[in-house]
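> Here you go, one structure.
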Amino acid sequence: MDYQFKDIEQKWQQFWAQNGTFKAEDKSAKPKYYVLDMFPYPSGAGLHVGHPLGYIASDIFARYKRLKGFNVLHPMGYDSFGLPAEQYAIQTGQHPAITTDANIATYRRQLDQIGFSFDWSREVRTSSPDYYKWTQWIFMQLFNSWYNKDTDKAESIAKLVAHFEQKGSAGINAVCDEEVLSFTADEWKALGNREQQSELLKYRLTYLRESTVNWCPALGTVLANDEVKDGFSERGGYPVEQKKMMQWSMRITAYAERLLQGLDTIDWPEPLKEMQRNWIGKSTGASVKFPIEALPKPSPEGRAFEKQENQKVSPTGGDLEGARFIEVFTTRVDTIFGVTFLVIAPEHELVTALTTPEQKADIDAYITQTKKKSELDRMADAKTVSGAFTGSYVLNPLNNERIPIWIADYVLAGYGTGAVMAVPSGDQRDYLFAKHFNLPIVPIIDIQNIETEADPTKEGKYINSDFMNGLAYKEATAAVIAKLEAIGAGKAKVNFRMRDAIFGRQRYWGEPVPVYFKDGLPHLIEEQHLPLLLPEVDKYLPTETGEPPLGRAEGWKHPEGEYELSTMPGWAGSSWYWYRYMDAHNDAAFASKEAIAYWKDVDLYIGGSEHATGHLLYSRFWNKFLKDLDLVIEEEPFKKLINQGMIQGRSNFVYRLIKTKRFISYNKLKKLESYFPALLDTIFEDSEDTVKAIVSTFKLDYDREIYNIFKENSDLTDAGVWKFKGYQFTNVDVNIVNNDVLDIEKFKKWRPDFADAQFILENGKYICGHEVEKMSKSKFNVVNPDDIISRYGADTLRMYEMFLGPLEQSKPWNTNGIEGVFKFLRKFWRLFHNEAWEFSVSDAEPSKAELKSLHKIIRKVEEDVERFSFNTSVSSFMIAVNELTDLKCNNRAILQDMVIVLSSYAPHICEELWTLLGNPAGSLSYAPYPKFNSAYLVEDEFAYPISINGKTKMNLNISLSLEPKAIEEFVLANADVQRYLDGKAPKKVIVVKGRIVNMVV
RNA sequence: GCUCAGAUGGUGGAACUGGUAGACACGCAGGACUUAAAAUCCUGUUCCCGUAAACGGAGUGCGGGUUCGAUUCCCGCUCUGAGUACCA
């Protein structure tokens, strides 16, 4: 029989499903290997041809690892909470669970068609209660934990309470809120429960706080920083504004250093790690306290600086009560004698208190102006210098010099302390600011050149710097930090850009937070009441009073108080899901100790780089937290990670002459356009000869048809010249275009207004133009895997997606060329069949040439798969099959090994051939990968390229047993070589055995 | 602006540690089979000069360098894509 991919693929997909072929074993003598794909959000549009790219790669890898004797865990599931289903619910009233189920069914059908070796018995869905029960449970663990800086890990809140009871707040070194109380053990015990709980909330790893959030009015929810792009929501593109709200947050900043350090231990793409490093944004420098003038000056004992460690400038905000200094963060503390002004953010809490009556009008005007600017304007406006003087001064803690305090929006309230010491000689922004407002610029390094711009050099010796004069950068920095520490005015400090992550959405379709409120304070629900089920609501909209949709749910109340109304964000469920696959049906734990001890971590994780600062960072954070609680084993969850490139769309265009039904073929249009310089505004009626002459002056071939098209579609203007009316281009459905050739009949049926279209063809065809664009419905360039599979089959799709190019590279999808892969599979099939398409293999001894082809591919696939170079394997398969076809090979021993080697790429056809060869059905997936034997590749001769001055001139067959000296003699003795040398003796002969001979003349 | 990745025929791409640039495939051209078309098969296909071949020259974004030899290493530049954006 000819290659009947439809029957074969259906048959084997059914077989695998019915026999649980790809079930991973929970206990096994084999080594484990965990291959994971980033699980999809099941969107209504289903899969397009770009989505499975990574899944195909991971599937090939998983199948290969099974052949190599590993117990492979290769699961799939759905990140099924999310906005689109909810938006749909708002529009139609259909429960998002119903939408989600329907979408999942589509995804599952599409995934099954591609022949993935997923262990579906472990499927997870983040929106399913038996899954989100454990998301809620992990939330509870975070609530019950705090971060101990001394042990550098998360610990139980109970332990913190015990410490408070025994020793008070002394000796606690925690990552916590800025304004924590200090108290003795007795003071703690004297506090009421409410006060105690309120204080503990400042330590918990998930906590409530009033924070500035990205509020998206159109979506009615808060968005995470990574969900906002250029001031608009990533999903939907709605405007986002800043708003203060009481919010659940995750204290991810506690893990900043570990998240950064961990990057050095994992095998991830460098750009991805770089993105995370930038996001974490560690900078090393110093914090310096500048005393505010008119308050007690700093005494040598540093009395003015007795303050609680984590305290910000002023907790009170309004007046200067207790605030005796402004703290800044700087990475160039060595430049402190160059400070000529201080700048604080317009939102800084001390602004009002610091503003003198004379400056009030200025400052108020500036703040109003700043508030009006949206985030976007502020970014676009980066180059304009603006600011206002408060009228107040601080003193330089080292020399008591008066330093004016300004406000300006280039200082961000959210970074560092919201205040900077401005050193205009060394910092370009400060320089521009100083120039603009006529503030002094003091050079502090001898070689500094500050004529036209700031010079941030660290070379040279310090000047104008008191005790630092004459020192170099390193000593100066050490000296100034020592001095600041001695007087209590500053210390070395590390600062992170990363903020705590907001953990709440004012939406319906997410995990309920397992918390109720009593007396305004949050309390966890009892663990035995998990999962806290998502209640039914009448509408998926906020309540009339602006509360989240859960505010509509009837009876949504804990006996002790009100439930939380916001739900968890999208990243909650995806931050631990790889553990659930290890033990997907456990209802006593998120995964059993044994399962975690066996599977440990993900060995290979494949997915898109768009998750760099979202999912992949949050997952690492939760993983580290779970590790601190000894619930998991590894510090990092994903040992090796590969980003698959994005598949872009390739659009096709047709070109219609304006006001006609005529479509002009692409190359004719190009030719017409190339005539424009000659034709436009120059020609008069019936002057073809003139045109011919003009066209030839442009060095173009004259074409009468093009001339006529031009004339037919031009108006004769009053000036007596022809004016071309132009053309329109329209996206045409790529599915009715083949190799850029338009299927005219399908095109006429495609849209009613094209039914009577006419065509200006080239060589009898209509050629379309093309361009790379995003794959989207509106551009008619979406290619559906279902269509490809029905035309060529899943095996062809799998191989073609790999054949397209390196996995990591982004590339446009172009179905041109898929025939080549299909032909290859058919050719492979034919090796096993005779002329009459009857299965026929021989049991003869394989020939040397056959063995060589086989062993070349055995090794090549091993090498390629191990380094994720799937595209080169496909080419090598083609070469192998071409060679075996030329050898007329139908040898059982050879072909059986070929089947195993190819089976991870094209599993269906291989399963079929495997059983035709007489092997038990289904045993292919666990067959041993053939052992490579280098003996079959040994050559006794090599066609040495003979080059002269590095240019190859000819090849000579020389025995590989010859040593360089003998090779040289052999080559020089050759008559053709002598002809090239033209009788001269070469100056030098380089011989690399088995590689090349090069002669220098 | 900064950081990272990339640039090879008409197209997708190969060349893994410096050693025959363009494997493999698409497309295109020519041919076989066919009444014809599709399908299939065969041949050619980097560019330039040349009727074809032989032969010769150029050639991996651009300009230099190291080397017997550079797509590969070094320096400078151009362009494309991604991320980030006043981070003190």
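Each chain in the structure tokens gets a letter, A, B and so on, in the order shown; residues start at 1 in every chain, and ligands are counted from 1 in the order they appear.
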Within stretch 473-616 of chain A, find each residue whose DSSP state, derived from the backbone, is strand (DSSP E), and express the selection as a ChimeraX atom specification.
/A:490-496,501-502,515-518,521-524,557-558,561-563,602-607
> With a cut-off of 12 Å and counting only C-alpha atoms (C1' of nucleotides), select all residues of chain B in contact with chain A and give the selection as a VMD selection string.
chain B and resid 1 to 6 11 to 16 19 to 21 23 to 28 39 to 40 55 67 to 70 81 to 88
> With only C-alpha atoms (C1' of nucleotides) as the basis for distance, which of B:A37, B:U78, B:U51, B:U8 is at the shortest distance from B:G63?
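Going through B:A37, B:U78, B:U51, B:U8 one by one, the smallest distance to B:G63 is for B:U78.
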> Excluding A:Thr100 and its own-chain neighbours fewer than 5 positions away, which residues fall within 8 Å of it when counting only C-alpha atoms (C1' of nucleotides)? Please give them as number ranges by chain.
A: 42-43, 80, 85
> To one decimal in Å, tell me the separation between atom CA of A:Asn708 and atom CA of A:Leu672.
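Atom CA of A:Asn708 sits 10.2 Å away from atom CA of A:Leu672.
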> I'd like the contact shell of stretch 209-216 of chain A - 6 Å cut-off, only C-alpha atoms (C1' of nucleotides), skipping same-chain residues fewer than 5 positions apart - returned as a PyMOL selection string.
chain A and resi 221-223+240-247
> Leaving out A:Leu260 and any residue of its chain fewer than 5 positions from it, which residues lie within 9 Å of it when counting only C-alpha atoms (C1' of nucleotides), given as a VMD selection string?
chain A and resid 255 273 276 to 277 280 282
> Any idea what the distance is between atom CA of A:Lys965 and atom CA of A:Leu981?
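Here the two named atoms are 18.6 Å from each other.
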> What lies within 6 Å of stretch 515-521 of chain A using only C-alpha atoms (C1' of nucleotides), ignoring chain neighbours under 5 positions off, as a list in words?
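In the requested form, the answer reads Gly561, Glu562, Tyr563 and Glu564 of chain A.
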> Between A:Ile60, A:Ile326, A:Met582, A:Leu208, which is the closest to A:Asp119 once you count only C-alpha atoms?
A:Met582
> As an exercise, work out the distance from atom CA of A:Asp152 to atom CA of A:Gln196 in Å and give it to one decimal place.
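Between atom CA of A:Asp152 and atom CA of A:Gln196 the gap works out to 24.1 Å.
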> With only C-alpha atoms (C1' of nucleotides) as the counted atoms, please give the residues lying no more than 10 Å from A:Cys889, apart from itself and same-chain residues fewer than 3 positions off, as a ChimeraX atom specification.
/A:831-832,841-842,846-847,849-850,881,883-886,892,894-895
